[in-house]
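Listing of run_30.cif; format and content: mmCIF, C-alpha atoms.
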data_structure
loop_
_atom_site.label_atom_id
_atom_site.label_comp_id
_atom_site.auth_asym_id
_atom_site.auth_seq_id
_atom_site.Cartn_x
_atom_site.Cartn_y
_atom_site.Cartn_z
CA MET A 1 18.34 -3.98 -18.24
CA THR A 2 14.64 -4.64 -17.86
CA ASP A 3 12.49 -5.42 -20.87
CA PHE A 4 9.78 -3.08 -19.63
CA ALA A 5 9.33 0.23 -21.41
CA ILE A 6 10.23 2.66 -18.64
CA PRO A 7 10.09 6.35 -19.51
CA ALA A 8 13.31 8.30 -19.48
CA GLY A 9 14.24 9.57 -16.06
CA GLN A 10 14.85 13.11 -14.90
CA PRO A 11 18.29 14.67 -15.25
CA ALA A 12 20.72 13.37 -12.64
CA ALA A 13 20.02 14.85 -9.24
CA PRO A 14 22.37 15.02 -6.24
CA ALA A 15 22.04 12.00 -4.00
CA ASN A 16 21.42 14.10 -0.88
CA ARG A 17 18.53 15.88 -2.58
CA ASP A 18 17.02 12.56 -3.60
CA LEU A 19 17.39 11.29 -0.05
CA LYS A 20 15.52 14.32 1.29
CA VAL A 21 12.67 13.73 -1.15
CA MET A 22 12.56 10.01 -0.26
CA ALA A 23 12.49 10.83 3.46
CA LEU A 24 9.78 13.48 3.11
CA ILE A 25 7.50 11.32 0.98
CA GLY A 26 8.22 8.22 3.09
CA ILE A 27 7.26 10.07 6.28
CA ALA A 28 4.09 11.45 4.68
CA HIS A 29 3.16 7.95 3.50
CA GLY A 30 3.91 6.58 6.97
CA CYS A 31 1.58 9.22 8.42
CA SER A 32 -1.23 8.07 6.11
CA HIS A 33 -0.79 4.43 7.16
CA PHE A 34 -0.64 5.42 10.83
CA PHE A 35 -3.88 7.37 10.42
CA GLN A 36 -5.55 4.33 8.81
CA LEU A 37 -5.18 2.48 12.11
CA VAL A 38 -5.94 5.31 14.54
CA LEU A 39 -9.45 4.09 15.36
CA PRO A 40 -9.25 0.26 15.68
CA PRO A 41 -7.07 0.32 18.84
CA LEU A 42 -9.63 2.68 20.37
CA PHE A 43 -12.61 0.41 19.69
CA PRO A 44 -12.87 -0.88 23.29
CA PHE A 45 -12.96 2.71 24.56
CA LEU A 46 -15.43 3.83 21.88
CA LYS A 47 -17.69 0.86 22.54
CA ASP A 48 -18.11 1.89 26.16
CA ALA A 49 -18.18 5.65 25.56
CA PHE A 50 -20.91 5.54 22.92
CA ALA A 51 -22.67 2.29 23.98
CA VAL A 52 -22.33 0.73 20.53
CA SER A 53 -21.41 -2.70 19.18
CA TYR A 54 -18.24 -3.77 17.41
CA THR A 55 -20.36 -4.30 14.31
CA GLN A 56 -21.30 -0.64 14.36
CA LEU A 57 -17.69 0.36 14.87
CA GLY A 58 -16.71 -1.88 11.96
CA LEU A 59 -19.10 0.14 9.78
CA VAL A 60 -16.95 3.19 10.41
CA MET A 61 -13.89 1.46 8.97
CA THR A 62 -15.91 0.09 6.06
CA LEU A 63 -16.96 3.62 5.11
CA PHE A 64 -13.37 4.76 5.36
CA TYR A 65 -11.94 2.06 3.08
CA VAL A 66 -14.77 2.18 0.55
CA THR A 67 -14.40 5.95 0.24
CA SER A 68 -10.63 5.70 -0.13
CA GLY A 69 -10.79 2.89 -2.68
CA VAL A 70 -13.44 4.53 -4.85
CA LEU A 71 -11.68 7.90 -4.88
CA GLN A 72 -8.11 6.77 -5.60
CA THR A 73 -8.62 6.87 -9.37
CA PRO A 74 -10.33 10.30 -9.35
CA ALA A 75 -7.48 11.50 -7.12
CA GLY A 76 -5.09 10.29 -9.80
CA PHE A 77 -6.93 12.31 -12.43
CA LEU A 78 -6.62 15.34 -10.15
CA VAL A 79 -2.88 14.72 -9.79
CA ASP A 80 -2.49 14.67 -13.56
CA ARG A 81 -4.53 17.84 -13.94
CA ILE A 82 -3.38 20.19 -11.14
CA GLY A 83 -0.14 18.61 -9.97
CA ALA A 84 0.82 16.14 -7.28
CA ARG A 85 2.10 18.60 -4.68
CA ASN A 86 -1.20 20.42 -4.31
CA VAL A 87 -3.14 17.17 -4.15
CA LEU A 88 -0.78 15.68 -1.55
CA ILE A 89 -0.89 18.79 0.63
CA GLY A 90 -4.67 19.02 0.39
CA GLY A 91 -5.18 15.34 1.12
CA LEU A 92 -2.85 15.41 4.12
CA ALA A 93 -4.63 18.49 5.49
CA ILE A 94 -8.03 16.81 5.11
CA PHE A 95 -6.76 13.59 6.73
CA CYS A 96 -5.22 15.44 9.71
CA THR A 97 -8.44 17.37 10.26
CA ALA A 98 -10.50 14.18 10.17
CA ILE A 99 -8.23 12.54 12.77
CA LEU A 100 -8.58 15.63 14.95
CA LEU A 101 -12.37 15.40 14.65
CA TYR A 102 -12.26 11.74 15.75
CA GLY A 103 -11.29 13.02 19.18
CA LEU A 104 -13.96 15.75 19.24
CA VAL A 105 -17.14 14.05 18.00
CA PRO A 106 -20.02 14.19 20.52
CA SER A 107 -21.72 10.97 19.35
CA PHE A 108 -21.05 7.73 17.48
CA TRP A 109 -23.05 8.76 14.42
CA MET A 110 -20.78 11.74 13.90
CA LEU A 111 -17.92 9.30 13.36
CA LEU A 112 -19.49 8.18 10.08
CA PRO A 113 -19.14 11.44 8.09
CA VAL A 114 -15.71 11.96 9.65
CA ALA A 115 -14.68 8.50 8.41
CA VAL A 116 -15.77 9.50 4.90
CA MET A 117 -13.70 12.66 5.25
CA ALA A 118 -10.71 10.57 6.35
CA GLY A 119 -11.18 8.29 3.33
CA ILE A 120 -11.08 11.32 1.05
CA GLY A 121 -7.77 12.35 2.58
CA ASN A 122 -6.31 8.86 2.37
CA SER A 123 -7.19 8.45 -1.31
CA VAL A 124 -4.54 10.88 -2.60
CA PHE A 125 -1.32 9.34 -1.29
CA HIS A 126 -0.50 6.64 -3.83
CA PRO A 127 -1.14 8.69 -6.99
CA ALA A 128 0.47 11.84 -5.56
CA ASP A 129 3.46 10.14 -3.91
CA PHE A 130 4.46 8.10 -6.95
CA SER A 131 3.99 11.05 -9.29
CA ILE A 132 6.32 13.14 -7.10
CA LEU A 133 8.93 10.40 -6.80
CA ASN A 134 8.89 9.82 -10.56
CA ALA A 135 9.53 13.52 -11.21
CA SER A 136 11.89 14.28 -8.32
CA VAL A 137 14.22 11.30 -7.92
CA ASP A 138 16.92 10.32 -10.39
CA GLN A 139 15.92 7.13 -12.20
CA LYS A 140 18.99 5.23 -11.02
CA ARG A 141 17.70 5.57 -7.43
CA LEU A 142 13.99 5.15 -8.18
CA GLY A 143 13.80 1.54 -6.95
CA ARG A 144 15.17 2.60 -3.57
CA ALA A 145 12.75 5.54 -3.54
CA TYR A 146 9.81 3.18 -4.04
CA GLY A 147 11.21 0.89 -1.35
CA THR A 148 11.52 3.76 1.12
CA HIS A 149 7.95 4.77 0.34
CA THR A 150 6.65 1.28 1.12
CA LEU A 151 8.82 1.00 4.24
CA GLY A 152 7.38 4.26 5.56
CA GLY A 153 3.87 2.87 5.18
CA ASN A 154 4.80 -0.39 6.91
CA LEU A 155 6.30 1.48 9.86
CA GLY A 156 3.16 3.62 10.13
CA TRP A 157 1.05 0.47 10.38
CA ALA A 158 3.39 -1.06 12.95
CA LEU A 159 3.46 1.98 15.23
CA ALA A 160 -0.23 2.86 15.25
CA PRO A 161 -1.68 0.04 17.40
CA VAL A 162 0.95 0.40 20.13
CA LEU A 163 0.99 4.18 20.29
CA MET A 164 -2.77 4.66 20.02
CA ALA A 165 -3.61 2.04 22.65
CA GLY A 166 -0.88 3.37 24.94
CA GLY A 167 -1.90 6.97 24.37
CA ALA A 168 -5.54 6.19 25.13
CA ALA A 169 -4.57 4.40 28.35
CA LEU A 170 -2.41 7.33 29.51
CA LEU A 171 -4.28 10.37 28.19
CA GLY A 172 -7.79 9.15 27.40
CA TRP A 173 -9.28 8.02 24.12
CA ARG A 174 -10.13 11.54 22.98
CA ALA A 175 -6.63 12.89 23.53
CA ALA A 176 -4.93 10.10 21.58
CA PRO A 177 -6.28 11.00 18.09
CA ILE A 178 -5.91 14.71 18.83
CA VAL A 179 -2.19 14.23 19.57
CA ALA A 180 -1.87 12.08 16.44
CA ALA A 181 -3.50 14.85 14.38
CA LEU A 182 -1.10 17.45 15.79
CA ILE A 183 1.85 15.28 14.75
CA GLY A 184 0.25 15.00 11.32
CA TYR A 185 -0.03 18.78 11.10
CA ALA A 186 3.70 19.01 11.91
CA ILE A 187 4.42 16.65 9.00
CA LEU A 188 2.15 18.76 6.80
CA ALA A 189 4.17 21.83 7.80
CA ALA A 190 7.38 20.02 6.83
CA VAL A 191 5.92 19.20 3.42
CA LEU A 192 4.87 22.82 2.92
CA LEU A 193 8.28 24.16 3.96
CA ASN A 194 10.07 21.78 1.61
CA ARG A 195 7.60 21.83 -1.26
CA ASP A 196 10.25 23.15 -3.66
CA LEU A 197 12.04 19.80 -3.36
CA LEU A 198 8.96 18.02 -4.66
CA LYS A 199 9.00 18.31 -8.43
CA GLU A 200 6.01 17.47 -10.54
CA ASP A 201 5.91 16.83 -14.24
CA ALA A 202 2.16 16.73 -14.74
CA GLY A 203 2.10 19.77 -17.00
CA ALA A 204 5.12 18.78 -19.07
CA ALA A 205 3.95 15.20 -19.41
CA ARG A 206 0.47 16.31 -20.37
CA ARG A 207 1.80 18.63 -23.08
CA ALA A 208 4.05 15.86 -24.43
CA ALA A 209 1.10 13.48 -24.52
CA VAL A 210 -1.09 15.98 -26.35
CA LYS A 211 1.69 16.54 -28.88
CA ALA A 212 1.87 12.78 -29.42
CA GLY A 213 -1.88 12.66 -29.95
CA GLU A 214 -2.58 10.69 -26.77
CA LYS A 215 -5.67 11.07 -24.61
CA THR A 216 -4.92 12.62 -21.22
CA ALA A 217 -8.33 13.57 -19.85
CA ALA A 218 -10.24 10.35 -20.30
CA LEU A 219 -10.34 6.77 -19.11
CA GLY A 220 -8.46 5.57 -22.19
CA PRO A 221 -5.05 5.16 -20.48
CA LEU A 222 -6.66 3.02 -17.76
CA LEU A 223 -8.12 0.61 -20.29
CA THR A 224 -4.85 -0.37 -21.93
CA MET A 225 -4.00 -4.03 -21.39
CA PRO A 226 -0.79 -3.40 -19.38
CA VAL A 227 -2.66 -1.15 -16.93
CA VAL A 228 -5.57 -3.59 -16.61
CA MET A 229 -3.05 -6.36 -15.88
CA CYS A 230 -1.42 -4.13 -13.25
CA PHE A 231 -4.81 -3.77 -11.58
CA ALA A 232 -5.24 -7.55 -11.68
CA TYR A 233 -1.77 -7.91 -10.16
CA PHE A 234 -2.72 -5.78 -7.16
CA LEU A 235 -6.11 -7.46 -6.81
CA LEU A 236 -4.64 -10.98 -6.69
CA LEU A 237 -1.75 -9.92 -4.47
CA SER A 238 -4.16 -8.42 -1.95
CA PHE A 239 -6.00 -11.76 -1.73
CA ALA A 240 -2.74 -13.38 -0.64
CA LEU A 241 -1.70 -10.61 1.75
CA ILE A 242 -5.09 -10.53 3.48
CA GLY A 243 -4.84 -14.29 3.98
CA VAL A 244 -1.59 -13.83 5.86
CA GLN A 245 -1.99 -10.49 7.60
CA ASN A 246 -5.57 -10.98 8.80
CA PHE A 247 -5.89 -14.75 9.17
CA LEU A 248 -2.47 -16.33 9.81
CA PRO A 249 -2.87 -16.76 13.62
CA ALA A 250 -6.36 -18.24 13.24
CA THR A 251 -5.19 -20.50 10.40
CA LEU A 252 -2.18 -21.87 12.30
CA ASP A 253 -4.32 -22.45 15.39
CA ALA A 254 -6.93 -24.40 13.43
CA LEU A 255 -4.33 -26.32 11.40
CA TYR A 256 -1.74 -27.28 14.01
CA GLY A 257 -3.03 -25.93 17.33
CA THR A 258 -0.24 -23.36 17.25
CA PRO A 259 -0.28 -21.22 20.42
CA LEU A 260 -1.49 -17.69 19.86
CA ALA A 261 1.78 -16.15 21.06
CA LEU A 262 3.78 -18.21 18.55
CA ALA A 263 1.33 -17.56 15.70
CA THR A 264 1.42 -13.83 16.40
CA THR A 265 5.22 -13.95 16.48
CA ALA A 266 5.16 -15.61 13.07
CA LEU A 267 2.93 -12.85 11.72
CA THR A 268 5.26 -10.20 13.13
CA ALA A 269 8.16 -12.03 11.49
CA PHE A 270 6.32 -11.91 8.16
CA LEU A 271 5.84 -8.14 8.44
CA LEU A 272 9.44 -7.50 9.50
CA GLY A 273 10.71 -9.80 6.76
CA ALA A 274 8.61 -7.93 4.21
CA SER A 275 10.05 -4.59 5.37
CA LEU A 276 13.61 -5.88 5.03
CA GLY A 277 12.76 -7.36 1.64
CA VAL A 278 11.43 -4.03 0.43
CA MET A 279 14.71 -2.30 1.15
CA VAL A 280 16.86 -5.02 -0.41
CA GLY A 281 14.48 -5.19 -3.37
CA GLY A 282 14.92 -1.47 -3.96
CA PHE A 283 18.66 -1.93 -4.48
CA ALA A 284 18.05 -4.97 -6.71
CA ALA A 285 15.67 -2.99 -8.93
CA ASP A 286 18.21 -0.17 -9.24
CA TRP A 287 21.03 -2.57 -10.15
CA GLY A 288 19.41 -3.23 -13.52
CA LEU A 289 18.08 -6.73 -12.89
CA LYS A 290 15.06 -7.65 -14.98
CA LEU A 291 11.97 -6.55 -13.12
CA GLU A 292 9.86 -9.52 -14.18
CA VAL A 293 12.57 -11.93 -12.98
CA ILE A 294 12.60 -10.27 -9.54
CA VAL A 295 8.81 -10.33 -9.29
CA ILE A 296 8.26 -13.88 -10.55
CA SER A 297 11.09 -15.45 -8.54
CA GLY A 298 10.11 -13.62 -5.36
CA LEU A 299 6.40 -14.44 -5.54
CA LEU A 300 6.96 -18.07 -6.51
CA GLY A 301 9.45 -18.43 -3.68
CA ALA A 302 6.92 -17.00 -1.23
CA ALA A 303 4.21 -19.31 -2.61
CA ALA A 304 6.45 -22.38 -2.21
CA THR A 305 7.20 -21.39 1.37
CA MET A 306 3.51 -21.05 2.21
CA LEU A 307 2.89 -24.51 0.73
CA LEU A 308 5.64 -25.86 2.96
CA VAL A 309 3.86 -24.42 6.00
CA ALA A 310 0.52 -25.79 4.77
CA ASN A 311 1.80 -29.36 4.54
CA PHE A 312 4.26 -29.73 7.42
CA ASP A 313 3.91 -29.04 11.15
CA LEU A 314 7.25 -27.29 11.51
CA PRO A 315 9.11 -26.78 14.79
CA SER A 316 8.64 -23.30 16.25
CA PHE A 317 11.90 -21.78 15.04
CA LEU A 318 11.44 -23.20 11.53
CA LEU A 319 7.85 -21.98 11.38
CA VAL A 320 8.83 -18.43 12.30
CA GLY A 321 11.79 -18.56 9.92
CA ALA A 322 9.70 -19.86 7.04
CA ILE A 323 7.01 -17.21 7.50
CA ALA A 324 9.68 -14.50 7.78
CA GLY A 325 11.27 -15.82 4.58
CA ALA A 326 7.94 -15.67 2.77
CA GLY A 327 7.54 -12.07 3.94
CA PHE A 328 11.04 -11.19 2.75
CA LEU A 329 10.48 -12.73 -0.69
CA GLN A 330 7.15 -10.96 -1.15
CA GLY A 331 8.57 -7.62 0.04
CA PHE A 332 11.58 -8.06 -2.24
CA THR A 333 9.27 -7.76 -5.26
CA THR A 334 7.58 -4.51 -4.21
CA PRO A 335 9.91 -1.85 -5.72
CA SER A 336 10.13 -3.80 -8.99
CA ARG A 337 6.33 -4.09 -9.02
CA ASP A 338 5.97 -0.31 -8.75
CA LEU A 339 8.55 0.22 -11.49
CA ILE A 340 6.49 -2.11 -13.68
CA VAL A 341 3.45 0.09 -13.08
CA ARG A 342 5.50 3.15 -13.97
CA GLY A 343 6.55 1.51 -17.20
CA ALA A 344 2.95 0.63 -18.07
CA ALA A 345 1.64 4.18 -17.51
CA PRO A 346 1.10 6.21 -20.72
CA LYS A 347 2.57 9.71 -20.89
CA GLY A 348 0.70 12.23 -18.78
CA ALA A 349 -1.31 9.54 -16.95
CA SER A 350 1.00 8.50 -14.11
CA GLY A 351 -1.25 9.83 -11.34
CA ARG A 352 -4.46 8.19 -12.50
CA VAL A 353 -2.70 4.91 -13.35
CA PHE A 354 -1.16 4.57 -9.89
CA GLY A 355 -4.48 5.54 -8.32
CA PHE A 356 -6.37 3.00 -10.42
CA VAL A 357 -4.04 0.03 -9.93
CA TYR A 358 -3.64 0.62 -6.20
CA SER A 359 -7.42 0.61 -5.83
CA GLY A 360 -7.05 -3.10 -6.64
CA LEU A 361 -5.62 -3.54 -3.15
CA ASP A 362 -8.76 -2.04 -1.62
CA ALA A 363 -11.00 -4.21 -3.82
CA GLY A 364 -9.13 -7.37 -2.89
CA SER A 365 -9.12 -6.44 0.79
CA ALA A 366 -12.92 -6.25 0.66
CA LEU A 367 -13.42 -9.48 -1.33
CA ALA A 368 -10.92 -11.85 0.27
CA PRO A 369 -12.07 -12.04 3.93
CA PRO A 370 -15.43 -13.78 3.24
CA VAL A 371 -13.71 -16.41 1.08
CA ILE A 372 -11.03 -17.13 3.66
CA GLY A 373 -13.54 -17.06 6.50
CA LEU A 374 -15.61 -19.66 4.63
CA LEU A 375 -12.58 -21.97 4.38
CA LEU A 376 -11.92 -21.67 8.10
CA ASP A 377 -15.58 -22.12 9.03
CA HIS A 378 -15.67 -25.37 7.01
CA GLY A 379 -12.63 -26.81 8.72
CA MET A 380 -10.16 -26.32 5.86
CA PRO A 381 -7.33 -24.22 7.34
CA ASP A 382 -4.75 -25.86 5.08
CA ARG A 383 -6.74 -24.59 2.11
CA VAL A 384 -6.25 -21.04 3.39
CA LEU A 385 -2.50 -21.40 2.91
CA TRP A 386 -3.09 -23.11 -0.44
CA PHE A 387 -5.28 -20.16 -1.37
CA VAL A 388 -2.50 -17.73 -0.42
CA ALA A 389 0.05 -19.70 -2.47
CA GLY A 390 -2.33 -19.94 -5.41
CA MET A 391 -2.97 -16.20 -5.46
CA LEU A 392 0.77 -15.51 -5.39
CA GLY A 393 1.20 -17.89 -8.31
CA LEU A 394 -1.58 -16.25 -10.32
CA THR A 395 -0.04 -12.85 -9.63
CA THR A 396 3.11 -13.92 -11.47
CA LEU A 397 1.00 -14.63 -14.58
CA THR A 398 -0.17 -11.01 -14.64
CA ALA A 399 3.48 -9.89 -14.43
CA VAL A 400 4.26 -12.01 -17.50
CA ALA A 401 1.26 -10.52 -19.34
CA ILE A 402 2.34 -6.97 -18.46
CA ARG A 403 5.84 -7.70 -19.76
CA ARG A 404 4.56 -8.98 -23.09
CA LYS A 405 2.11 -6.14 -23.62
CA SER A 406 4.55 -3.43 -22.49
CA ALA A 407 7.24 -4.81 -24.77
CA SER A 408 4.94 -4.94 -27.82
CA PRO A 409 5.09 -2.12 -30.40
CA ALA A 410 1.50 -1.16 -29.68
CA ALA A 411 2.31 -0.54 -26.03
CA ALA A 412 5.58 1.22 -26.58
#
Take the structure in the file and give it back as structure tokens.
Amino acid sequence: MTDFAIPAGQPAAPANRDLKVMALIGIAHGCSHFFQLVLPPLFPFLKDAFAVSYTQLGLVMTLFYVTSGVLQTPAGFLVDRIGARNVLIGGLAIFCTAILLYGLVPSFWMLLPVAVMAGIGNSVFHPADFSILNASVDQKRLGRAYGTHTLGGNLGWALAPVLMAGGAALLGWRAAPIVAALIGYAILAAVLLNRDLLKEDAGAARRAAVKAGEKTAALGPLLTMPVVMCFAYFLLLSFALIGVQNFLPATLDALYGTPLALATTALTAFLLGASLGVMVGGFAADWGLKLEVIVISGLLGAAATMLLVANFDLPSFLLVGAIAGAGFLQGFTTPSRDLIVRGAAPKGASGRVFGFVYSGLDAGSALAPPVIGLLLDHGMPDRVLWFVAGMLGLTTLTAVAIRRKSASPAAA
């Protein structure tokens, strides 16, 4: 079994009940990711409707992501204090209402406070979802639960651009977010109707922590070395993912003159490979393989593949296959990564820990684009792929550090 100190799981639960919880949380998470990309496909329509620039429209998304990133940790504290179900339901309701308002605003400037409102809603999902999964799903299926959670988010991202652009073309740009919000309200209703399936152990965990003399209402649990290393893990990983997800087509074009259609196909292959890897990785994590071995081997394999692409102008089918393989290897590590975070979280602090470490993704997503853009602007596209590989390699070092600290008596 893994060397990480993972808290004891809940009593064995029927598999069908676990599957219902996984499906419900996965769909809710998919809704949040879909909502994240509601506006960008509508930018051409909004630009004409409100006579604004793309720079101004970009400000809307900046406000959204900054709000979400800053509030993830406070949302985690709220999860630990009042319970994950209430926070998830409240966040989803706020998010749905913000998406509805996107379709009703009379002017561009009204989009700005609505974007802040949407960021507030988006901030709750990681701390609430993982807290619910930890309490509701039997530990022997927890890797698959985490994998389903990630897969739901990936599918939400994949569906949003197509459905929003198509909906705007058929129904008008105002109708598209309104319809999306109504679907979100239906998902909210499903969560409310099935709320009894969603267990939460915030109160029990908090009482156990108090009995053990641990701090539960302060920043102390976030400043432990394993949790800080988890944050660093997410920060470095986001550098690599942004390099691929946002810049792969431009990088391949500058490096090898790869046609846009082929470069876009390679990016799609990366995303599909990552989704498949997530599901396979969930089973691997549940089979009792060492989590650090899964993470280190997967990330180093993905890094080696990106270096291969950086140094060789591969034929089309090999290029797509290599990028898909890198996506699979990276996705394969995801459930184990989340189990590592669970093992690093002190008693009674699961919500705030997941909120804090996942905010590393938002921080990295804000910091990486200027660095990668600078490499491209200075005619160094190969260095972009070296950068991606290097960040993946550095991420493995944080996994090793988490293992050592979590296995030490002080962290136990």
request  = Identify which of the residues A:Ile82, A:Asp313, A:Asp18, A:Leu71 lies closest to A:Gly257, counting only C-alpha atoms when measuring atom-to-atom distances.
outcome  = A:Asp313
Residues matched by the PyMOL selection byres ((chain A and resi 100) around 12), written as a count of residues only = 33
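Remark: residues at most 9 Å from position (9.4, 1.8, -0.1) in file coordinates are A:Met22, A:Gly26, A:Gly143, A:Arg144, A:Ala145, A:Tyr146, A:Gly147, A:Thr148, A:His149, A:Thr150, A:Leu151, A:Gly152, A:Gly153, A:Asn154, A:Ser275, A:Val278, A:Met279, A:Gly282, A:Thr334, A:Pro335, using all atoms listed in the file.
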key: Interatomic distance, atom CA of A:Ala310 to atom CA of A:Asp382 (Å, one decimal)   =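 Computing it gives 5.3 Å between the two atoms.
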Stretch 121-229 of chain A near stretch 233-245 of chain A within 12 Å: what's each residue's closest atom pair and its distance in Å to one decimal, counting only C-alpha atoms, ordered by chain then ascending residue number, as a Markdown table?
| residue | atom | partner | partner_atom | distance |
| --- | --- | --- | --- | --- |
| A:Trp157 | CA | A:Gln245 | CA | 11.7 |
| A:Pro226 | CA | A:Tyr233 | CA | 10.3 |
| A:Val227 | CA | A:Tyr233 | CA | 9.6 |
| A:Val228 | CA | A:Tyr233 | CA | 8.6 |
| A:Met229 | CA | A:Tyr233 | CA | 6.1 |
message = Considering only C-alpha atoms, can you say which of A:Leu276, A:Cys230, A:Val21, A:Met306 comes closest to A:Ser136?
response =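 Nearest to A:Ser136: A:Val21.
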request  = Would you translate the PyMOL selection byres ((chain A and resi 56-66) around 6) into the concrete set of residues it matches in this file, as a list of chain:residue names?
outcome  =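 When the PyMOL selection byres ((chain A and resi 56-66) around 6) is applied, the selected residues are A:Ser53, A:Tyr54, A:Thr55, A:Thr67, A:Ser68, A:Gly69, A:Leu112, A:Ala115, A:Val116, A:Gly119.
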Saved selection, atoms kept: C-alpha atoms, as a compact mmCIF listing (two decimals), in the coordinates of the input:
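Okay, selection_20.txt is ready:
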# COMPACT_ATOMS: atom_id res chain seq x y z
CA SER A 53 -21.41 -2.70 19.18
CA TYR A 54 -18.24 -3.77 17.41
CA THR A 55 -20.36 -4.30 14.31
CA THR A 67 -14.40 5.95 0.24
CA SER A 68 -10.63 5.70 -0.13
CA GLY A 69 -10.79 2.89 -2.68
CA LEU A 112 -19.49 8.18 10.08
CA ALA A 115 -14.68 8.50 8.41
CA VAL A 116 -15.77 9.50 4.90
CA GLY A 119 -11.18 8.29 3.33
request  = Identify, on the basis of all atoms listed in the file, every residue whose closest approach to A:Arg195 does not exceed 10 Å; exclude the query and any residue fewer than 4 positions from it along the same chain; express the result as a PyMOL selection string.
outcome  = chain A and resi 21+24+85-86+89+189-191+199
task = Identify the residues around (6.0, -21.3, 0.0) within a radius of 12 Å, measuring from all atoms listed in the file in the coordinates stated by the file, and give them as a VMD selection string.
result = chain A and resid 240 297 to 312 319 321 to 330 385 to 393
Pairwise distance for atom CA of A:Pro221 and atom CA of A:Arg141, rounded to one decimal in Å =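 Separation between atom CA of A:Pro221 and atom CA of A:Arg141: 26.2 Å.
When you apply the PyMOL selection byres ((chain A and resi 341) around 8) to this structure, what comes back is Val227, Cys230, Arg337, Asp338, Leu339, Ile340, Arg342, Gly343, Ala344, Ala345, Val353 and Phe354 of chain A.
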request  = May I ask which of the residues A:Gly83, A:Pro249, A:Gly373, A:Gly379 is the closest one to A:Ala263, counting all atoms listed in the file?
outcome  = A:Pro249
remark   = Counting all atoms listed in the file, the residue among A:Ile25, A:Ala49, A:Ala128, A:Ala15 that lies closest to A:Ser350 is A:Ala128
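In this structure, atom CA of A:Gly355 sits 5.0 Å away from atom CA of A:Gly76.
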message = Residues near A:Leu88, anyone? I mean within 8 Å using all atoms listed in the file, not counting same-chain ones fewer than 2 positions away, as a list in words.
response =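 Listed by chain and then number, they are Ala84, Arg85, Asn86, Gly90, Gly91, Leu92, Val124, Phe125, Ala128 and Asp129 of chain A.
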Keeping only C-alpha atoms, write the selected residues as a tab-separated table (two decimals), keeping the file's coordinate frame.
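See again.tsv below for the written result:
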chain	number	residue	atom	x	y	z
A	84	ALA	CA	0.82	16.14	-7.28
A	85	ARG	CA	2.10	18.60	-4.68
A	86	ASN	CA	-1.20	20.42	-4.31
A	90	GLY	CA	-4.67	19.02	0.39
A	91	GLY	CA	-5.18	15.34	1.12
A	92	LEU	CA	-2.85	15.41	4.12
A	124	VAL	CA	-4.54	10.88	-2.60
A	125	PHE	CA	-1.32	9.34	-1.29
A	128	ALA	CA	0.47	11.84	-5.56
A	129	ASP	CA	3.46	10.14	-3.91
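Of the listed residues (A:Val295, A:Leu42, A:Cys31, A:Leu374), A:Leu42 comes nearest to A:Pro161; the distances count only C-alpha atoms.
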query = Using all atoms listed in the file, which residue out of A:Leu193, A:Ala23, A:Ala285, A:Ala349 lies closest to A:Thr224?
reply = A:Ala349
Taking only C-alpha atoms, show stretch 355-386 of chain A of the given structure as an mmCIF file, in the first residue's frame.
data_model
loop_
_atom_site.group_PDB
_atom_site.id
_atom_site.type_symbol
_atom_site.label_atom_id
_atom_site.label_comp_id
_atom_site.auth_asym_id
_atom_site.auth_seq_id
_atom_site.Cartn_x
_atom_site.Cartn_y
_atom_site.Cartn_z
ATOM 1 C CA GLY A 355 -9.393 24.888 -1.435
ATOM 2 C CA PHE A 356 -5.895 26.170 -0.710
ATOM 3 C CA VAL A 357 -3.937 23.715 -2.853
ATOM 4 C CA TYR A 358 -6.306 23.992 -5.804
ATOM 5 C CA SER A 359 -5.876 27.761 -5.741
ATOM 6 C CA GLY A 360 -2.347 26.945 -6.944
ATOM 7 C CA LEU A 361 -3.878 26.086 -10.309
ATOM 8 C CA ASP A 362 -5.410 29.556 -10.558
ATOM 9 C CA ALA A 363 -2.133 31.202 -9.516
ATOM 10 C CA GLY A 364 -0.144 29.245 -12.083
ATOM 11 C CA SER A 365 -2.722 29.934 -14.783
ATOM 12 C CA ALA A 366 -2.228 33.657 -14.185
ATOM 13 C CA LEU A 367 1.596 33.545 -14.044
ATOM 14 C CA ALA A 368 2.476 31.149 -16.860
ATOM 15 C CA PRO A 369 1.055 32.879 -19.986
ATOM 16 C CA PRO A 370 3.412 35.912 -19.915
ATOM 17 C CA VAL A 371 6.450 33.635 -19.550
ATOM 18 C CA ILE A 372 5.403 31.368 -22.402
ATOM 19 C CA GLY A 373 4.377 34.312 -24.548
ATOM 20 C CA LEU A 374 7.839 35.808 -24.033
ATOM 21 C CA LEU A 375 9.479 32.597 -25.277
ATOM 22 C CA LEU A 376 7.322 32.594 -28.400
ATOM 23 C CA ASP A 377 7.841 36.301 -29.050
ATOM 24 C CA HIS A 378 11.623 35.781 -28.925
ATOM 25 C CA GLY A 379 11.570 32.952 -31.427
ATOM 26 C CA MET A 380 12.131 30.087 -28.976
ATOM 27 C CA PRO A 381 9.160 27.743 -29.488
ATOM 28 C CA ASP A 382 11.254 24.686 -28.628
ATOM 29 C CA ARG A 383 11.903 26.250 -25.235
ATOM 30 C CA VAL A 384 8.152 26.294 -24.614
ATOM 31 C CA LEU A 385 8.105 22.500 -24.758
ATOM 32 C CA TRP A 386 11.290 22.365 -22.679
#
